[in-house]
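Enquirer: Pasting a structure here, questions to come.
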Amino acid sequence: MTLLSVSYENSKVVFEGIKAAGIRSVSALPETWLIHLLQRAEDDMDLELIEVAKEEEAIGIAAGAYFAGEPHLLLMQNHGFLAAINAVVSLAQLYGIPLCMLIAFRGHWGEPYPWHTRGGIITEEVLRALGIPFEYAKDPDKVAKQIREAYTFSQSSLSPVALLLTRDLMED
Amino acid sequence: MERARCLEVIYPELTDKLVVTIMGACAQELYNLGDRDNFFYLQHAMGLASSIGLGLAKHLPDEKIVVLDGDGSVLMNLGTLTTLARYQPGNLVHIIFDNGSLLSTGGFASHTTSGVTDLAAIAKGAGVEHVATAVNPLQFGEAVIEAFERDALSVIVAKVQAVGPDKFGMDLALPENAFRFRRYIREKKNKSLEK
């Protein structure tokens with residue numbers, strides 16, 4: 001039921017934006033809004049996809065990819081981001097390791113599922129408290145540019161950067 | 001068996017590999033043997049040394065990656081063994097020093113102390129084929145050499161005493177360690193491209 005509402009077209013646009021940004025490696029934990037995106041990533045032979053058991057691992061993998069000089073991007077849900085905060089703080093921010101995070105912003109305006117709501121309500125304030133720059137991806141015509149700019153900024157600032165994938169973009 | 005002795009045994013073999021070590025006593029003991037540009041000391045974020053190792057291993061297939069881990073750290077991220085098993089990086093050697101203790105934070109017993117929890121069995125159950133347990137330096141050295149020669153993911157659980165160095169202190173700022181480690185890899189890649 002949920003799957004049907006995830007935007008196939010916009011997922012394709014986001015995926016193409018990731019590729020166009022020069023990303024060759026992605027770490028991820030599956031999430032409903034990311035389902036089409038991850039399907040494409042799995043099918044793409046030129047992209048290294050590493051699926052983790054918990055999002056904190058992905059921060060470590062991203063650090064390894066950065067050391068290896070490989071353009072890397074993280075895909076997760078906002079609750080996964082919340083679960084990974086110690087790694088974001090005590091690995092990425094502590095050592096100056098860039099993270100380009102695409103985060104499904106669940107639990108906000110229009111959210112029908114109660115279990116997503118607390119995490120959704122506090123996500124922006126947590127990002128602010130951590131000093132993580134973030135933007136909202138709402139418009140399919142702009143998202144490719146936003147991904148490219150998020151990656152560029154993460155690399156220049158040696159910092160985590162988050163692009164929040166919103167309901168406007170991810171659902172039909 | 002002491003971890004410092006284990007590190008001493010394998011230290012000469014680490015010169016051409018990428019080494020990621022956990023914090024505390026293990027980091028200090030490696031540093032005391034001689035700091036090197038190919039060493040990354042993960043001084044916090046417990047549990048993620050093997051995740052960093054996986055990120056390195058997947059993107060640098062021509063390098064051997066050595067992760068120096070501990071029971072306390074692995075217990076904080078048991079999922080990592082399943083992720084390693086899923087992707088089977090053949091160039092990764094995951095060494096877990098099991099001292100049954102959270103030594104660096106007061107020496108409280110970890111879950112492996114009683115011998116009930118068996119990390120080697122957990123690694124096996126996660127799907128890692130090559131798992132060895134070592135209880136003396138000779139066994140440890142042999143297991144590590146075999147793992148270095150093998151083109152398959154290897155996990156070595158080394159049973160060590162809960163003892164660490166007398167003094168702590170490293171002349172290496174954390175971001176400096178990250179910059180240096182990345183530069184070492186880049187320069188090594190560039191050299192191999194020239195050949």
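As shown in the structure tokens, the chain order sets the letters A, B, ...; within each chain, residues go from 1, and ligands are also counted from 1 in the order they appear.
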Chain A near chain B within 6 Å: what's each residue's closest atom pair and its distance in Å to one decimal, counting only C-alpha atoms, ordered by chain then ascending residue number, as a tab-separated table?
Expert:
residue	atom	partner	partner_atom	distance
A:Val52	CA	B:Thr83	CA	5.9
A:Ala53	CA	B:Gly79	CA	5.6
A:Glu57	CA	B:Ser51	CA	5.5
A:Gly60	CA	B:Ile52	CA	4.4
A:Ile61	CA	B:Gly55	CA	4.0
A:Ala63	CA	B:Ile52	CA	5.9
A:Gly64	CA	B:Gly55	CA	4.1
A:Ala65	CA	B:Gly55	CA	5.0
A:Phe67	CA	B:Arg182	CA	4.5
A:Ala68	CA	B:Leu56	CA	5.9
A:Ala87	CA	B:Ala45	CA	5.4
A:Ser90	CA	B:Ala45	CA	5.3
A:Leu91	CA	B:Ala45	CA	5.9
A:Tyr95	CA	B:Pro175	CA	4.3
A:Gly96	CA	B:Pro175	CA	5.8
Enquirer: Select from region 102-186 of chain B everything DSSP, run on the backbone, classes as strand (DSSP E or B), then give the selection as number ranges by chain.
Expert: B: 102, 108-109, 130-134, 154-159
Enquirer: As an MDAnalysis selection string, which residues of region 12-98 of chain A does DSSP assign to helix (DSSP H, G or I)?
Expert: chainID A and resid 12:20 32:43 55:67 78:83 85:95
Enquirer: Could you save those same residues with C-alpha atoms as an mmCIF file, in the first residue's frame?
Expert:
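Saved to selection-v8.cif:
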data_model
loop_
_atom_site.group_PDB
_atom_site.id
_atom_site.type_symbol
_atom_site.label_atom_id
_atom_site.label_comp_id
_atom_site.auth_asym_id
_atom_site.auth_seq_id
_atom_site.Cartn_x
_atom_site.Cartn_y
_atom_site.Cartn_z
ATOM 1 C CA LYS A 12 14.732 8.170 -10.879
ATOM 2 C CA VAL A 13 15.550 11.877 -10.929
ATOM 3 C CA VAL A 14 17.279 11.614 -7.538
ATOM 4 C CA PHE A 15 19.241 8.569 -8.671
ATOM 5 C CA GLU A 16 20.344 10.309 -11.850
ATOM 6 C CA GLY A 17 21.314 13.317 -9.745
ATOM 7 C CA ILE A 18 23.495 11.086 -7.580
ATOM 8 C CA LYS A 19 25.216 9.669 -10.659
ATOM 9 C CA ALA A 20 25.605 13.114 -12.240
ATOM 10 C CA THR A 32 10.226 2.812 2.057
ATOM 11 C CA TRP A 33 10.830 6.167 0.379
ATOM 12 C CA LEU A 34 14.205 4.921 -0.858
ATOM 13 C CA ILE A 35 12.906 1.703 -2.366
ATOM 14 C CA HIS A 36 13.078 2.688 -6.058
ATOM 15 C CA LEU A 37 16.341 4.503 -5.520
ATOM 16 C CA LEU A 38 17.961 1.468 -3.920
ATOM 17 C CA GLN A 39 16.585 -0.791 -6.626
ATOM 18 C CA ARG A 40 18.345 1.342 -9.211
ATOM 19 C CA ALA A 41 21.523 1.423 -7.157
ATOM 20 C CA GLU A 42 21.473 -2.375 -6.899
ATOM 21 C CA ASP A 43 21.012 -2.731 -10.653
ATOM 22 C CA GLU A 55 23.145 3.289 9.946
ATOM 23 C CA GLU A 56 26.070 3.912 12.294
ATOM 24 C CA GLU A 57 28.085 1.432 10.240
ATOM 25 C CA ALA A 58 27.502 3.572 7.161
ATOM 26 C CA ILE A 59 29.339 6.485 8.793
ATOM 27 C CA GLY A 60 32.379 4.232 9.208
ATOM 28 C CA ILE A 61 32.085 2.955 5.642
ATOM 29 C CA ALA A 62 31.804 6.542 4.375
ATOM 30 C CA ALA A 63 34.998 7.406 6.265
ATOM 31 C CA GLY A 64 36.752 4.444 4.647
ATOM 32 C CA ALA A 65 35.531 5.515 1.201
ATOM 33 C CA TYR A 66 36.734 9.064 1.854
ATOM 34 C CA PHE A 67 40.188 7.842 2.865
ATOM 35 C CA ASN A 78 15.899 10.336 9.532
ATOM 36 C CA HIS A 79 15.489 7.752 12.304
ATOM 37 C CA GLY A 80 18.578 6.028 10.980
ATOM 38 C CA PHE A 81 20.382 9.332 11.148
ATOM 39 C CA LEU A 82 19.276 9.691 14.773
ATOM 40 C CA ALA A 83 20.666 6.212 15.450
ATOM 41 C CA ILE A 85 24.617 10.440 15.781
ATOM 42 C CA ASN A 86 27.555 9.286 17.891
ATOM 43 C CA ALA A 87 29.408 8.247 14.747
ATOM 44 C CA VAL A 88 28.547 11.513 13.022
ATOM 45 C CA VAL A 89 29.906 13.452 15.990
ATOM 46 C CA SER A 90 32.790 11.280 17.168
ATOM 47 C CA LEU A 91 34.081 10.118 13.812
ATOM 48 C CA ALA A 92 33.046 12.547 11.062
ATOM 49 C CA GLN A 93 33.029 15.824 12.965
ATOM 50 C CA LEU A 94 35.884 14.915 15.294
ATOM 51 C CA TYR A 95 38.267 13.969 12.480
#
Enquirer: What's the 12 Å shell around Lys142 (chain A), counting only C-alpha atoms, without same-chain residues fewer than 2 positions away, as a PyMOL selection string?
Expert: chain A and resi 10+13-14+17+135-140+144-149+165+169
Enquirer: So which residues touch region 102-114 of chain B within 8 Å, counting only C-alpha atoms, skipping near sequence neighbours fewer than 5 positions away, as a ChimeraX atom specification?
Expert: /B:24-25,71-72,119,162-164
Enquirer: Any idea what's packed within 6 Å of region 99-108 of chain A, counting only C-alpha atoms, ignoring anything in its chain fewer than 5 positions away? Could you give it as a PDB file with N, CA and C atoms, in the first residue's frame?
Expert:
ATOM      1  N   LEU A  73      28.241   8.552  -1.000  1.00  0.00           N
ATOM      2  CA  LEU A  73      27.024   9.202  -0.512  1.00  0.00           C
ATOM      3  C   LEU A  73      26.260   8.229   0.387  1.00  0.00           C
ATOM      4  N   LEU A  74      25.581   8.770   1.396  1.00  0.00           N
ATOM      5  CA  LEU A  74      24.825   7.934   2.326  1.00  0.00           C
ATOM      6  C   LEU A  74      23.325   8.138   2.122  1.00  0.00           C
ATOM      7  N   LEU A  75      22.598   7.050   2.114  1.00  0.00           N
ATOM      8  CA  LEU A  75      21.141   7.096   1.998  1.00  0.00           C
ATOM      9  C   LEU A  75      20.539   6.477   3.251  1.00  0.00           C
ATOM     10  N   MET A  76      19.674   7.227   3.902  1.00  0.00           N
ATOM     11  CA  MET A  76      19.067   6.687   5.128  1.00  0.00           C
ATOM     12  C   MET A  76      17.776   7.427   5.453  1.00  0.00           C
ATOM     13  N   GLN A  77      17.049   6.899   6.397  1.00  0.00           N
ATOM     14  CA  GLN A  77      15.869   7.583   6.920  1.00  0.00           C
ATOM     15  C   GLN A  77      16.295   8.475   8.078  1.00  0.00           C
ATOM     16  N   ASN A  78      15.498   9.464   8.422  1.00  0.00           N
ATOM     17  CA  ASN A  78      15.899  10.336   9.532  1.00  0.00           C
ATOM     18  C   ASN A  78      16.072   9.571  10.853  1.00  0.00           C
ATOM     19  N   HIS A 116       6.380   7.471  13.003  1.00  0.00           N
ATOM     20  CA  HIS A 116       7.404   8.333  12.407  1.00  0.00           C
ATOM     21  C   HIS A 116       7.429   9.734  13.004  1.00  0.00           C
ATOM     22  N   THR A 117       6.376  10.094  13.763  1.00  0.00           N
ATOM     23  CA  THR A 117       6.179  11.518  14.026  1.00  0.00           C
ATOM     24  C   THR A 117       7.183  12.138  15.011  1.00  0.00           C
ATOM     25  N   GLY A 120      10.396  12.736  13.286  1.00  0.00           N
ATOM     26  CA  GLY A 120      10.234  13.767  12.259  1.00  0.00           C
ATOM     27  C   GLY A 120      10.203  15.161  12.854  1.00  0.00           C
ATOM     28  N   TYR A 151      27.264  17.556  -2.033  1.00  0.00           N
ATOM     29  CA  TYR A 151      28.536  16.820  -2.087  1.00  0.00           C
ATOM     30  C   TYR A 151      29.727  17.795  -2.082  1.00  0.00           C
ATOM     31  N   SER A 154      30.178  19.316   1.350  1.00  0.00           N
ATOM     32  CA  SER A 154      30.719  18.368   2.345  1.00  0.00           C
ATOM     33  C   SER A 154      32.236  18.238   2.180  1.00  0.00           C
ATOM     34  N   PRO A 160      29.834  16.873   7.843  1.00  0.00           N
ATOM     35  CA  PRO A 160      28.583  16.252   7.397  1.00  0.00           C
ATOM     36  C   PRO A 160      27.650  17.311   6.830  1.00  0.00           C
ATOM     37  N   VAL A 161      26.958  16.968   5.779  1.00  0.00           N
ATOM     38  CA  VAL A 161      25.962  17.831   5.153  1.00  0.00           C
ATOM     39  C   VAL A 161      24.738  16.961   4.872  1.00  0.00           C
ATOM     40  N   ALA A 162      23.531  17.519   5.085  1.00  0.00           N
ATOM     41  CA  ALA A 162      22.325  16.703   4.892  1.00  0.00           C
ATOM     42  C   ALA A 162      21.379  17.346   3.883  1.00  0.00           C
ATOM     43  N   LEU A 163      20.884  16.530   2.975  1.00  0.00           N
ATOM     44  CA  LEU A 163      19.806  16.951   2.091  1.00  0.00           C
ATOM     45  C   LEU A 163      18.581  16.140   2.485  1.00  0.00           C
ATOM     46  N   LEU A 164      17.546  16.845   2.979  1.00  0.00           N
ATOM     47  CA  LEU A 164      16.336  16.164   3.449  1.00  0.00           C
ATOM     48  C   LEU A 164      15.394  15.916   2.274  1.00  0.00           C
ATOM     49  N   LEU A 165      15.134  14.639   2.004  1.00  0.00           N
ATOM     50  CA  LEU A 165      14.202  14.272   0.935  1.00  0.00           C
ATOM     51  C   LEU A 165      12.785  14.355   1.512  1.00  0.00           C
ATOM     52  N   THR A 166      11.995  15.287   1.006  1.00  0.00           N
ATOM     53  CA  THR A 166      10.680  15.552   1.608  1.00  0.00           C
ATOM     54  C   THR A 166       9.569  14.753   0.922  1.00  0.00           C
TER      55      THR A 166
END
Enquirer: Please, what distance in Å, to one decimal, runs between CA of Leu18 (chain B) and CA of Phe39 (chain B)?
Expert: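 Those two atoms sit 6.3 Å apart.
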Enquirer: If you count only C-alpha atoms, which residues fall within 10 Å of region 136-151 of chain B, apart from same-chain ones fewer than 5 positions away, as an mmCIF file with C-alpha atoms, in the first residue's frame?
Expert:
data_model
loop_
_atom_site.group_PDB
_atom_site.id
_atom_site.type_symbol
_atom_site.label_atom_id
_atom_site.label_comp_id
_atom_site.auth_asym_id
_atom_site.auth_seq_id
_atom_site.Cartn_x
_atom_site.Cartn_y
_atom_site.Cartn_z
ATOM 1 C CA MET B 1 49.037 -13.581 26.270
ATOM 2 C CA GLU B 2 49.472 -9.823 26.152
ATOM 3 C CA ARG B 3 48.082 -7.725 23.335
ATOM 4 C CA ARG B 5 53.226 -8.857 22.530
ATOM 5 C CA CYS B 6 50.796 -9.796 19.739
ATOM 6 C CA LEU B 7 51.204 -6.370 18.168
ATOM 7 C CA GLU B 8 54.974 -6.713 18.405
ATOM 8 C CA VAL B 9 54.810 -10.055 16.584
ATOM 9 C CA ILE B 10 52.850 -8.674 13.631
ATOM 10 C CA GLU B 13 54.080 -7.174 8.622
ATOM 11 C CA LYS B 17 49.099 -2.487 4.858
ATOM 12 C CA LYS B 64 45.414 -5.326 2.443
ATOM 13 C CA ILE B 65 43.378 -3.828 5.270
ATOM 14 C CA VAL B 66 44.030 -4.770 8.893
ATOM 15 C CA PRO B 89 35.977 -8.300 1.382
ATOM 16 C CA GLY B 90 38.826 -10.674 0.534
ATOM 17 C CA ASN B 91 41.454 -8.083 1.416
ATOM 18 C CA LEU B 92 40.298 -7.509 4.994
ATOM 19 C CA VAL B 93 41.770 -9.100 8.110
ATOM 20 C CA HIS B 94 39.731 -8.388 11.219
ATOM 21 C CA ILE B 95 41.683 -9.008 14.415
ATOM 22 C CA HIS B 130 37.826 -18.157 8.019
ATOM 23 C CA VAL B 131 37.726 -17.632 11.767
ATOM 24 C CA ILE B 156 41.050 -13.723 14.273
ATOM 25 C CA VAL B 157 39.997 -13.667 17.902
ATOM 26 C CA ALA B 158 43.048 -13.297 20.149
ATOM 27 C CA LYS B 159 42.488 -14.084 23.807
ATOM 28 C CA VAL B 160 44.574 -11.567 25.731
#
